[in-house]
file model_16.txt (compact mmCIF, C-alpha atoms)
# COMPACT_ATOMS: atom_id res chain seq x y z
CA MET A 27 0.00 0.00 0.00
CA ASN A 28 2.84 2.43 0.82
CA LEU A 29 4.44 1.71 -2.56
CA LEU A 30 1.13 2.30 -4.34
CA ARG A 31 0.70 5.63 -2.53
CA LYS A 32 4.17 6.72 -3.66
CA ILE A 33 3.38 5.73 -7.24
CA LEU A 34 0.24 7.88 -7.05
CA PHE A 35 2.19 10.97 -5.95
CA PRO A 36 1.58 12.84 -9.27
CA PHE A 37 -2.16 12.53 -8.65
CA ALA A 38 -1.64 13.96 -5.15
CA VAL A 39 0.06 17.00 -6.70
CA LEU A 40 -2.85 17.40 -9.13
CA TYR A 41 -5.43 17.01 -6.36
CA GLY A 42 -3.56 19.55 -4.24
CA LEU A 43 -3.55 22.01 -7.13
CA ILE A 44 -7.30 21.60 -7.68
CA THR A 45 -8.16 22.13 -4.00
CA SER A 46 -5.79 25.11 -3.76
CA ILE A 47 -7.45 26.78 -6.77
CA ARG A 48 -10.86 26.13 -5.23
CA ASN A 49 -9.80 27.68 -1.91
CA PHE A 50 -8.27 30.67 -3.74
CA LEU A 51 -11.56 31.28 -5.56
CA PHE A 52 -13.49 31.20 -2.29
CA ASP A 53 -10.92 33.41 -0.54
CA LYS A 54 -11.21 36.04 -3.30
CA GLY A 55 -15.01 35.91 -3.36
CA ILE A 56 -15.14 34.56 -6.91
CA LEU A 57 -16.96 31.50 -5.60
CA LYS A 58 -19.76 32.45 -3.21
CA SER A 59 -19.72 31.77 0.53
CA THR A 60 -22.90 32.44 2.50
CA SER A 61 -22.70 34.00 5.95
CA PHE A 62 -25.50 33.94 8.52
CA ASP A 63 -26.48 36.33 11.29
CA VAL A 64 -26.32 33.56 13.89
CA PRO A 65 -23.17 32.09 15.48
CA VAL A 66 -21.99 29.17 13.35
CA ILE A 67 -19.11 27.00 14.60
CA ALA A 68 -17.54 24.56 12.14
CA VAL A 69 -15.63 21.55 13.46
CA GLY A 70 -13.53 19.51 11.05
CA ASN A 71 -10.13 18.31 9.93
CA LEU A 72 -7.75 18.42 7.00
CA SER A 73 -7.41 14.64 6.80
CA VAL A 74 -9.91 11.86 6.18
CA GLY A 75 -11.49 10.40 9.32
CA GLY A 76 -10.36 9.46 12.77
CA THR A 77 -9.63 12.80 14.48
CA GLY A 78 -12.38 12.69 17.11
CA LYS A 79 -15.00 15.05 15.68
CA THR A 80 -17.93 13.37 17.43
CA PRO A 81 -16.63 13.72 21.02
CA GLN A 82 -15.60 17.31 20.24
CA ILE A 83 -19.10 18.19 19.00
CA GLU A 84 -20.51 16.56 22.13
CA TYR A 85 -18.15 18.65 24.27
CA LEU A 86 -19.50 21.81 22.64
CA ILE A 87 -23.08 20.66 23.13
CA ARG A 88 -22.46 20.14 26.85
CA LEU A 89 -20.78 23.53 27.09
CA LEU A 90 -23.58 25.43 25.36
CA THR A 91 -26.97 23.78 25.92
CA ASP A 92 -27.61 25.28 29.35
CA LYS A 93 -27.09 28.77 27.91
CA TYR A 94 -28.36 28.68 24.32
CA LYS A 95 -30.70 26.89 21.94
CA VAL A 96 -28.27 24.70 19.99
CA ALA A 97 -28.56 22.82 16.71
CA THR A 98 -26.13 20.42 15.04
CA LEU A 99 -25.96 20.09 11.28
CA SER A 100 -24.16 17.16 9.68
CA ARG A 101 -23.92 15.69 6.22
CA GLY A 102 -25.31 12.41 7.52
CA TYR A 103 -22.64 10.20 6.00
CA LYS A 104 -23.96 6.93 4.53
CA ARG A 105 -27.56 7.68 5.53
CA LYS A 106 -30.32 6.25 3.35
CA SER A 107 -32.34 9.47 3.23
CA GLU A 108 -31.82 12.52 1.02
CA GLY A 109 -31.99 16.28 1.42
CA PHE A 110 -32.74 18.08 4.68
CA VAL A 111 -33.93 15.94 7.58
CA LEU A 112 -34.68 17.20 11.09
CA ALA A 113 -34.43 14.42 13.68
CA GLY A 114 -37.71 13.32 15.26
CA GLU A 115 -39.27 10.42 17.11
CA ASN A 116 -39.27 8.21 13.99
CA SER A 117 -35.61 8.84 13.21
CA ASN A 118 -32.94 6.14 13.28
CA ALA A 119 -29.32 5.71 12.21
CA GLU A 120 -30.33 4.80 8.64
CA ILE A 121 -32.26 8.06 8.24
CA LEU A 122 -29.77 10.37 9.98
CA GLY A 123 -26.41 8.58 9.90
CA ASP A 124 -24.82 7.14 13.00
CA GLU A 125 -23.21 10.24 14.57
CA PRO A 126 -26.26 12.55 14.18
CA PHE A 127 -28.51 9.82 15.57
CA GLN A 128 -26.15 9.50 18.52
CA PHE A 129 -26.45 13.27 19.12
CA TYR A 130 -30.24 13.02 18.91
CA GLN A 131 -30.45 10.20 21.44
CA LYS A 132 -28.03 11.73 23.94
CA PHE A 133 -29.14 15.36 23.83
CA PRO A 134 -32.95 15.70 23.67
CA ASN A 135 -32.82 19.50 23.99
CA VAL A 136 -30.68 19.91 20.85
CA LYS A 137 -32.05 20.14 17.32
CA VAL A 138 -30.24 17.60 15.15
CA ALA A 139 -30.38 17.98 11.38
CA VAL A 140 -28.66 16.51 8.34
CA ASP A 141 -28.18 17.98 4.89
CA ALA A 142 -25.32 17.58 2.42
CA ASN A 143 -26.09 21.16 1.34
CA ARG A 144 -25.07 22.96 4.53
CA THR A 145 -26.34 26.33 3.26
CA ASN A 146 -29.81 24.91 2.75
CA GLY A 147 -29.58 23.07 6.07
CA ILE A 148 -28.86 26.27 7.99
CA MET A 149 -31.65 28.13 6.19
CA GLN A 150 -34.10 25.34 7.07
CA LEU A 151 -33.06 25.43 10.73
CA LEU A 152 -33.42 29.21 10.89
CA ALA A 153 -36.88 28.97 9.30
CA HIS A 154 -38.04 26.69 12.12
CA PRO A 155 -40.50 28.34 14.57
CA ASP A 156 -38.17 27.49 17.46
CA LYS A 157 -34.98 28.40 15.63
CA PRO A 158 -31.55 27.79 17.18
CA GLU A 159 -29.32 30.51 18.57
CA VAL A 160 -26.10 28.59 17.81
CA ILE A 161 -25.40 26.08 15.02
CA LEU A 162 -22.60 23.49 15.20
CA LEU A 163 -21.43 22.24 11.80
CA ASP A 164 -20.05 18.71 12.00
CA ASP A 165 -17.22 17.83 9.58
CA ALA A 166 -17.55 21.03 7.57
CA PHE A 167 -14.05 22.49 7.42
CA GLN A 168 -13.92 22.03 3.63
CA HIS A 169 -17.54 23.13 3.08
CA ARG A 170 -16.60 26.59 1.83
CA LYS A 171 -20.08 27.43 0.53
CA VAL A 172 -20.90 28.32 4.14
CA LYS A 173 -18.73 30.93 5.80
CA ALA A 174 -18.77 29.92 9.45
CA GLY A 175 -18.03 32.51 12.08
CA PHE A 176 -15.63 30.26 13.98
CA TYR A 177 -13.52 27.29 12.84
CA ILE A 178 -12.14 24.49 15.02
CA LEU A 179 -9.60 22.26 13.28
CA LEU A 180 -8.79 18.84 14.73
CA THR A 181 -5.59 16.89 14.10
CA ALA A 182 -4.69 13.60 15.78
CA PHE A 183 -1.55 13.41 17.92
CA ASP A 184 -0.20 10.37 16.07
CA ASP A 185 -1.18 11.67 12.62
CA LEU A 186 -0.54 15.43 12.55
CA TYR A 187 -1.48 17.21 9.34
CA ALA A 188 2.01 18.72 9.30
CA ASP A 189 3.43 15.21 8.74
CA ASP A 190 0.87 14.20 6.11
CA TYR A 191 0.49 14.50 2.33
CA MET A 192 -2.36 15.07 -0.08
CA LEU A 193 -4.62 12.23 -1.17
CA PRO A 194 -3.97 9.67 -2.55
CA THR A 195 -0.34 9.65 -1.39
CA GLY A 196 -1.40 10.72 2.11
CA ASN A 197 -4.70 11.41 3.84
CA LEU A 198 -5.08 15.18 3.44
CA ARG A 199 -8.25 16.49 1.83
CA GLU A 200 -6.58 19.82 1.14
CA SER A 201 -3.20 21.49 1.53
CA ARG A 202 -1.73 22.04 5.01
CA SER A 203 -2.17 25.76 4.37
CA GLY A 204 -5.90 25.23 4.88
CA ALA A 205 -5.14 25.27 8.60
CA GLU A 206 -4.84 29.05 8.30
CA ARG A 207 -8.66 29.28 8.33
CA ALA A 208 -8.83 27.83 11.85
CA ASN A 209 -9.45 30.02 14.87
CA ILE A 210 -8.52 27.10 17.12
CA VAL A 211 -6.50 23.94 16.45
CA ILE A 212 -7.01 20.98 18.77
CA VAL A 213 -4.49 18.15 18.84
CA THR A 214 -6.70 15.18 19.73
CA LYS A 215 -6.08 11.65 21.02
CA CYS A 216 -2.97 12.70 22.94
CA PRO A 217 -1.48 10.66 25.78
CA ASN A 218 -3.19 12.01 28.90
CA ASN A 219 0.21 12.79 30.43
CA LEU A 220 1.54 14.74 27.44
CA SER A 221 4.39 16.93 28.67
CA GLU A 222 4.67 20.70 28.24
CA GLU A 223 7.86 20.08 26.26
CA LYS A 224 6.05 17.85 23.76
CA GLN A 225 3.20 20.35 23.50
CA THR A 226 5.71 23.07 22.65
CA GLU A 227 7.33 20.82 20.04
CA ILE A 228 3.97 20.27 18.34
CA ARG A 229 3.15 23.99 18.46
CA LEU A 230 6.37 24.74 16.60
CA LYS A 231 5.75 21.96 14.06
CA LEU A 232 2.24 23.21 13.19
CA LYS A 233 3.52 26.78 12.62
CA LEU A 234 0.29 28.51 13.61
CA ASN A 235 -0.01 32.26 13.32
CA CYS A 236 -0.20 34.55 16.34
CA SER A 237 -4.00 34.86 16.20
CA GLN A 238 -4.59 31.09 16.39
CA GLN A 239 -4.92 29.15 19.62
CA ILE A 240 -3.87 25.52 20.15
CA PHE A 241 -5.19 23.02 22.69
CA PHE A 242 -4.47 19.39 23.51
CA THR A 243 -7.06 16.75 24.37
CA PHE A 244 -7.24 13.04 25.05
CA ILE A 245 -10.00 10.46 24.68
CA ASP A 246 -11.41 9.75 28.12
CA TYR A 247 -13.10 6.35 28.34
CA ASP A 248 -15.99 5.76 30.72
CA THR A 249 -15.51 3.38 33.65
CA ILE A 250 -18.91 1.79 32.93
CA ILE A 251 -20.41 -0.04 29.96
CA TYR A 252 -24.12 0.31 29.23
CA ASN A 253 -27.01 -1.30 27.41
CA LYS A 254 -30.75 -0.65 27.35
CA ASP A 255 -31.37 -2.08 30.82
CA ALA A 256 -28.09 -2.41 32.67
CA LYS A 257 -24.67 -0.99 33.38
CA ILE A 258 -21.51 -2.80 34.46
CA ALA A 259 -18.20 -1.45 35.72
CA VAL A 260 -15.33 -1.92 33.29
CA SER A 261 -13.25 -3.32 36.17
CA GLU A 262 -15.80 -6.15 36.51
CA ILE A 263 -16.16 -6.90 32.83
CA LYS A 264 -12.43 -7.07 32.13
CA SER A 265 -12.11 -10.47 33.80
CA GLU A 266 -14.95 -11.96 31.71
CA PRO A 267 -14.52 -13.46 28.25
CA LYS A 268 -16.16 -11.11 25.73
CA LEU A 269 -16.27 -10.05 22.11
CA LEU A 270 -15.07 -6.55 21.28
CA LEU A 271 -16.63 -5.02 18.18
CA ALA A 272 -15.75 -1.76 16.38
CA GLY A 273 -16.71 -0.15 13.08
CA ILE A 274 -14.79 3.11 13.51
CA ALA A 275 -11.79 4.64 11.75
CA LYS A 276 -9.14 3.92 14.41
CA PRO A 277 -10.35 1.25 16.86
CA LYS A 278 -7.01 0.29 18.44
CA PRO A 279 -7.33 2.44 21.61
CA PHE A 280 -10.87 1.13 22.21
CA PHE A 281 -9.62 -2.45 22.02
CA GLU A 282 -6.60 -1.73 24.19
CA TYR A 283 -8.76 -0.19 26.93
CA LEU A 284 -10.98 -3.28 27.28
CA LYS A 285 -9.06 -6.28 25.94
CA THR A 286 -7.64 -9.17 27.91
CA GLU A 287 -5.81 -12.14 26.43
CA ASN A 288 -8.95 -14.29 26.06
CA ASP A 289 -11.00 -11.70 24.17
CA GLU A 290 -11.63 -11.61 20.43
CA CYS A 291 -11.68 -8.32 18.52
CA LEU A 292 -13.81 -7.82 15.41
CA THR A 293 -13.14 -4.81 13.17
CA PHE A 294 -15.46 -3.46 10.49
CA PRO A 295 -15.05 -0.41 8.21
CA ASP A 296 -16.00 3.02 9.53
CA HIS A 297 -19.78 3.71 9.31
CA HIS A 298 -20.38 0.06 8.40
CA HIS A 299 -24.00 -0.99 7.88
CA PHE A 300 -24.30 -4.42 9.47
CA SER A 301 -25.99 -7.01 7.28
CA ASP A 302 -27.94 -10.03 8.50
CA ALA A 303 -24.91 -12.16 7.63
CA ASP A 304 -22.69 -9.86 9.72
CA LEU A 305 -25.04 -10.17 12.69
CA GLU A 306 -25.15 -13.95 12.34
CA SER A 307 -21.35 -14.13 12.25
CA ILE A 308 -20.94 -11.79 15.24
CA GLN A 309 -23.45 -13.75 17.31
CA LYS A 310 -21.72 -17.01 16.46
CA LYS A 311 -18.29 -15.68 17.42
CA ALA A 312 -19.64 -14.24 20.68
CA ASN A 313 -21.00 -17.68 21.59
CA GLY A 314 -23.28 -16.33 24.31
CA THR A 315 -20.76 -13.93 25.86
CA LYS A 316 -21.21 -10.18 26.14
CA ILE A 317 -20.50 -8.03 23.07
CA ILE A 318 -18.99 -4.62 23.79
CA THR A 319 -18.95 -2.02 21.06
CA THR A 320 -18.43 1.71 20.59
CA GLU A 321 -21.26 4.14 21.21
CA LYS A 322 -21.30 5.04 17.51
CA ASP A 323 -21.74 1.39 16.52
CA TYR A 324 -24.31 0.79 19.24
CA VAL A 325 -26.81 3.20 17.69
CA ARG A 326 -26.78 1.01 14.55
CA LEU A 327 -26.97 -2.30 16.43
CA LYS A 328 -29.27 -1.62 19.39
CA ASP A 329 -32.39 -2.85 17.59
CA SER A 330 -30.72 -5.92 16.11
CA LYS A 331 -30.76 -9.55 17.21
CA LEU A 332 -27.63 -8.83 19.29
CA VAL A 333 -29.42 -6.52 21.72
CA SER A 334 -29.66 -8.95 24.65
CA GLN A 335 -25.87 -9.31 24.88
CA LEU A 336 -24.81 -5.92 23.47
CA TYR A 337 -23.14 -3.14 25.52
CA TYR A 338 -21.37 0.09 24.60
CA LEU A 339 -18.53 2.12 26.07
CA PRO A 340 -19.01 5.93 26.03
CA ILE A 341 -16.08 8.27 25.43
CA LYS A 342 -15.54 11.99 25.80
CA SER A 343 -12.94 14.55 24.83
CA THR A 344 -10.98 15.91 27.81
CA PHE A 345 -8.56 18.83 27.77
CA ILE A 346 -5.07 18.21 29.13
CA ASN A 347 -4.82 21.83 30.21
CA HIS A 348 -6.25 25.32 29.56
CA GLN A 349 -9.84 24.06 29.24
CA GLN A 350 -11.15 27.32 30.71
CA ASN A 351 -9.39 29.28 27.97
CA PHE A 352 -11.05 27.13 25.30
CA ASP A 353 -14.47 27.53 26.89
CA ALA A 354 -14.00 31.30 27.18
CA SER A 355 -13.03 31.60 23.50
CA ILE A 356 -16.20 29.79 22.39
CA LEU A 357 -18.49 31.68 24.75
CA ASP A 358 -16.95 35.05 23.85
CA TYR A 359 -17.43 34.39 20.14
CA ILE A 360 -21.10 33.51 20.67
CA LYS A 361 -21.74 36.44 23.03
CA ASN A 362 -20.23 38.89 20.53
CA ASN A 363 -22.14 37.47 17.56
CA LEU A 364 -25.52 36.60 19.03
CA ARG A 365 -28.49 38.47 17.63
CA SER A 366 -30.07 40.78 20.20
call {"tool": "encode", "arguments": {"input": "model_16.txt", "output": "structure tokens"}}
result
Amino acid sequence: MNLLRKILFPFAVLYGLITSIRNFLFDKGILKSTSFDVPVIAVGNLSVGGTGKTPQIEYLIRLLTDKYKVATLSRGYKRKSEGFVLAGENSNAEILGDEPFQFYQKFPNVKVAVDANRTNGIMQLLAHPDKPEVILLDDAFQHRKVKAGFYILLTAFDDLYADDYMLPTGNLRESRSGAERANIVIVTKCPNNLSEEKQTEIRLKLKLNCSQQIFFTFIDYDTIIYNKDAKIAVSEIKSEPKLLLAGIAKPKPFFEYLKTENDECLTFPDHHHFSDADLESIQKKANGTKIITTEKDYVRLKDSKLVSQLYYLPIKSTFINHQQNFDASILDYIKNNLRS
């Protein structure tokens, strides 16, 4: 695979040129970007997948919902519906996509919508009788047709955009220079004991400008697993034989947190839609033992034949330091841009 990526380097140069021209046209106003008179915060990344967008959106929801009417707007990746959809009581992961459905289930006071056309999606939300005061755009850093008021760029500790290359040689969706649009850069999935020296090293590597802030977070795993009717401490479940199941971009930390030597790990592609054959195979491999999966996978599996033995492990994004500074930056932006 590495050899193939090197062979494809000329295509990476071409792809980089195309995305750079596109960004130039948006920057100069030749291609239209729509702004809105409501605070819009875009969360995204330069690379494809696996930077922790979902826990970061959830962090923002927890920060804001006690103070403002919040809506999330996502593309709804791999959903089976089309156009604008506002989550309601008949929604499921197939209609919304797994991450938006997870938001809908966890945060009943938040409007959750999906639309590949983010401009239309925002207009639909603002036309709602109970319109939101703040809109969070999920995975929209490259969606230049909307001009968000505030941009949060995520980059994973073990896969920094500064060390990456354009697709298909690397995993970048656009040039590293795209990071200049970010108000805040968050280095995600760090070791929770990341030293100040290492933080400084990363700051220098990313070469941010003086107006940009940088923060460091780690994935904080819950100490309890859950299903529809029960919860069990991770310390108790570790000694039991179990099947660990993940259909996410980078499942290794999830497995490492729960696995003991007698456990089997099953990996599926990110956003995988589980077929009847998949469910049959999973149930056979579990052989009556508990199945523990990620929260994102659980929303797709909770109504399946696996439900009686299926549990999920929640995660959240936790700041290593300077959390109050991050919170203040978000709240100040909203306060200064909220319609009176």
call {"tool": "residues_around", "arguments": {"input": "model_16.txt", "residues": "Thr98 in chain A", "least_positions_apart": "3", "cutoff": "9 Å", "atoms": "all atoms listed in the file", "output": "VMD selection string"}}
result
chain A and resid 83 87 126 129 136 to 140 160 to 164
call {"tool": "atom_distance", "arguments": {"input": "model_16.txt", "atom1": "CA of Val69 in chain A", "atom2": "CA of Ala208 in chain A"}}
result
9.4 Å
call {"tool": "closest_residue", "arguments": {"input": "model_16.txt", "among": "A:Ala38, A:Ala303, A:Leu292, A:Ile258", "to": "Asp190 in chain A", "atoms": "all atoms listed in the file"}}
result
A:Ala38
call {"tool": "residues_near_point", "arguments": {"input": "model_16.txt", "point": "(-14.1, 12.0, 8.7)", "cutoff": "12 Å", "atoms": "only C-alpha atoms", "output": "short mmCIF file (atom, residue, chain, number, x, y, z; two decimals) with C-alpha atoms, in the frame of the given file"}}
result
data_model
loop_
_atom_site.label_atom_id
_atom_site.label_comp_id
_atom_site.auth_asym_id
_atom_site.auth_seq_id
_atom_site.Cartn_x
_atom_site.Cartn_y
_atom_site.Cartn_z
CA VAL A 69 -15.63 21.55 13.46
CA GLY A 70 -13.53 19.51 11.05
CA ASN A 71 -10.13 18.31 9.93
CA LEU A 72 -7.75 18.42 7.00
CA SER A 73 -7.41 14.64 6.80
CA VAL A 74 -9.91 11.86 6.18
CA GLY A 75 -11.49 10.40 9.32
CA GLY A 76 -10.36 9.46 12.77
CA THR A 77 -9.63 12.80 14.48
CA GLY A 78 -12.38 12.69 17.11
CA LYS A 79 -15.00 15.05 15.68
CA THR A 80 -17.93 13.37 17.43
CA SER A 100 -24.16 17.16 9.68
CA ARG A 101 -23.92 15.69 6.22
CA GLY A 102 -25.31 12.41 7.52
CA TYR A 103 -22.64 10.20 6.00
CA LYS A 104 -23.96 6.93 4.53
CA GLU A 125 -23.21 10.24 14.57
CA ASP A 164 -20.05 18.71 12.00
CA ASP A 165 -17.22 17.83 9.58
CA ALA A 166 -17.55 21.03 7.57
CA PHE A 167 -14.05 22.49 7.42
CA GLN A 168 -13.92 22.03 3.63
CA LEU A 180 -8.79 18.84 14.73
CA THR A 181 -5.59 16.89 14.10
CA ALA A 182 -4.69 13.60 15.78
CA ASN A 197 -4.70 11.41 3.84
CA LEU A 198 -5.08 15.18 3.44
CA ARG A 199 -8.25 16.49 1.83
CA ILE A 274 -14.79 3.11 13.51
CA ALA A 275 -11.79 4.64 11.75
CA LYS A 276 -9.14 3.92 14.41
CA ASP A 296 -16.00 3.02 9.53
CA HIS A 297 -19.78 3.71 9.31
#
call {"tool": "atom_distance", "arguments": {"input": "model_16.txt", "atom1": "CA of Gly147 in chain A", "atom2": "CA of Gln82 in chain A"}}
result
20.7 Å
call {"tool": "atom_distance", "arguments": {"input": "model_16.txt", "atom1": "CA of Asn288 in chain A", "atom2": "CA of Asp246 in chain A"}}
result
24.3 Å
call {"tool": "closest_residue", "arguments": {"input": "model_16.txt", "among": "A:Thr145, A:Phe281, A:Thr214, A:Arg170", "to": "Asp53 in chain A", "atoms": "only C-alpha atoms"}}
result
A:Arg170
call {"tool": "closest_atom_pairs", "arguments": {"input": "model_16.txt", "of": "range 229-266 of chain A", "to": "range 346-349 of chain A", "cutoff": "8 Å", "atoms": "all atoms listed in the file", "output": "JSON lines"}}
result
{"residue": "A:Phe241", "atom": "CA", "partner": "A:His348", "partner_atom": "CA", "distance": 7.3}
{"residue": "A:Phe242", "atom": "CA", "partner": "A:Ile346", "partner_atom": "CA", "distance": 5.8}
{"residue": "A:Thr243", "atom": "CA", "partner": "A:Ile346", "partner_atom": "CA", "distance": 5.4}
{"residue": "A:Phe244", "atom": "CA", "partner": "A:Ile346", "partner_atom": "CA", "distance": 6.9}
call {"tool": "closest_residue", "arguments": {"input": "model_16.txt", "among": "A:Asp63, A:Asp302, A:Asp124, A:Glu159", "to": "Gly273 in chain A", "atoms": "all atoms listed in the file"}}
result
A:Asp124
call {"tool": "residues_around", "arguments": {"input": "model_16.txt", "residues": "range 252-255 of chain A", "least_positions_apart": "6", "cutoff": "10 Å", "atoms": "only C-alpha atoms", "output": "ChimeraX atom specification"}}
result
/A:318-319,321,324,328,333-340
call {"tool": "closest_residue", "arguments": {"input": "model_16.txt", "among": "A:Arg31, A:Lys224, A:Val260, A:Leu357", "to": "Tyr94 in chain A", "atoms": "only C-alpha atoms"}}
result
A:Leu357
call {"tool": "closest_residue", "arguments": {"input": "model_16.txt", "among": "A:Asn28, A:Thr45, A:Ser343, A:Gln350", "to": "Gly196 in chain A", "atoms": "all atoms listed in the file"}}
result
A:Asn28
call {"tool": "closest_residue", "arguments": {"input": "model_16.txt", "among": "A:Phe176, A:Tyr283, A:Tyr191, A:Tyr247", "to": "Val66 in chain A", "atoms": "only C-alpha atoms"}}
result
A:Phe176
call {"tool": "residues_around", "arguments": {"input": "model_16.txt", "residues": "Phe52 in chain A", "least_positions_apart": "2", "cutoff": "12 Å", "atoms": "only C-alpha atoms", "output": "PyMOL selection string"}}
result
chain A and resi 45-50+54-60+168-173+207
call {"tool": "write_last_selection", "arguments": {"input": "model_16.txt", "atoms": "C-alpha atoms", "output": "JSON list (two decimals), keeping the file's coordinate frame"}}
result
[["chain", "number", "residue", "atom", "x", "y", "z"],
["A", 45, "THR", "CA", -8.16, 22.13, -4.00],
["A", 46, "SER", "CA", -5.79, 25.11, -3.76],
["A", 47, "ILE", "CA", -7.45, 26.78, -6.77],
["A", 48, "ARG", "CA", -10.86, 26.13, -5.23],
["A", 49, "ASN", "CA", -9.80, 27.68, -1.91],
["A", 50, "PHE", "CA", -8.27, 30.67, -3.74],
["A", 54, "LYS", "CA", -11.21, 36.04, -3.30],
["A", 55, "GLY", "CA", -15.01, 35.91, -3.36],
["A", 56, "ILE", "CA", -15.14, 34.56, -6.91],
["A", 57, "LEU", "CA", -16.96, 31.50, -5.60],
["A", 58, "LYS", "CA", -19.76, 32.45, -3.21],
["A", 59, "SER", "CA", -19.72, 31.77, 0.53],
["A", 60, "THR", "CA", -22.90, 32.44, 2.50],
["A", 168, "GLN", "CA", -13.92, 22.03, 3.63],
["A", 169, "HIS", "CA", -17.54, 23.13, 3.08],
["A", 170, "ARG", "CA", -16.60, 26.59, 1.83],
["A", 171, "LYS", "CA", -20.08, 27.43, 0.53],
["A", 172, "VAL", "CA", -20.90, 28.32, 4.14],
["A", 173, "LYS", "CA", -18.73, 30.93, 5.80],
["A", 207, "ARG", "CA", -8.66, 29.28, 8.33]]
call {"tool": "build_atoms", "arguments": {"input": "model_16.txt", "residues": "range 215-226 of chain A", "atoms": "N, CA and C atoms", "output": "compact mmCIF listing (two decimals), keeping the file's coordinate frame"}}
result
# COMPACT_ATOMS: atom_id res chain seq x y z
N LYS A 215 -6.57 13.02 20.78
CA LYS A 215 -6.08 11.65 21.02
C LYS A 215 -4.65 11.63 21.54
N CYS A 216 -4.30 12.64 22.34
CA CYS A 216 -2.97 12.70 22.94
C CYS A 216 -2.87 11.71 24.10
N PRO A 217 -1.65 11.33 24.49
CA PRO A 217 -1.48 10.66 25.78
C PRO A 217 -1.96 11.62 26.87
N ASN A 218 -2.63 11.10 27.90
CA ASN A 218 -3.19 12.01 28.90
C ASN A 218 -2.13 12.65 29.80
N ASN A 219 -0.89 12.19 29.66
CA ASN A 219 0.21 12.79 30.43
C ASN A 219 1.19 13.54 29.52
N LEU A 220 0.69 14.05 28.41
CA LEU A 220 1.54 14.74 27.44
C LEU A 220 2.28 15.91 28.11
N SER A 221 3.57 15.93 27.98
CA SER A 221 4.39 16.93 28.67
C SER A 221 4.29 18.30 28.01
N GLU A 222 4.62 19.34 28.78
CA GLU A 222 4.67 20.70 28.24
C GLU A 222 5.71 20.80 27.12
N GLU A 223 6.81 20.07 27.27
CA GLU A 223 7.86 20.08 26.26
C GLU A 223 7.35 19.53 24.92
N LYS A 224 6.60 18.44 24.99
CA LYS A 224 6.05 17.85 23.76
C LYS A 224 4.99 18.76 23.16
N GLN A 225 4.19 19.41 24.00
CA GLN A 225 3.20 20.35 23.50
C GLN A 225 3.89 21.50 22.74
N THR A 226 4.97 21.99 23.30
CA THR A 226 5.71 23.07 22.65
C THR A 226 6.29 22.60 21.31
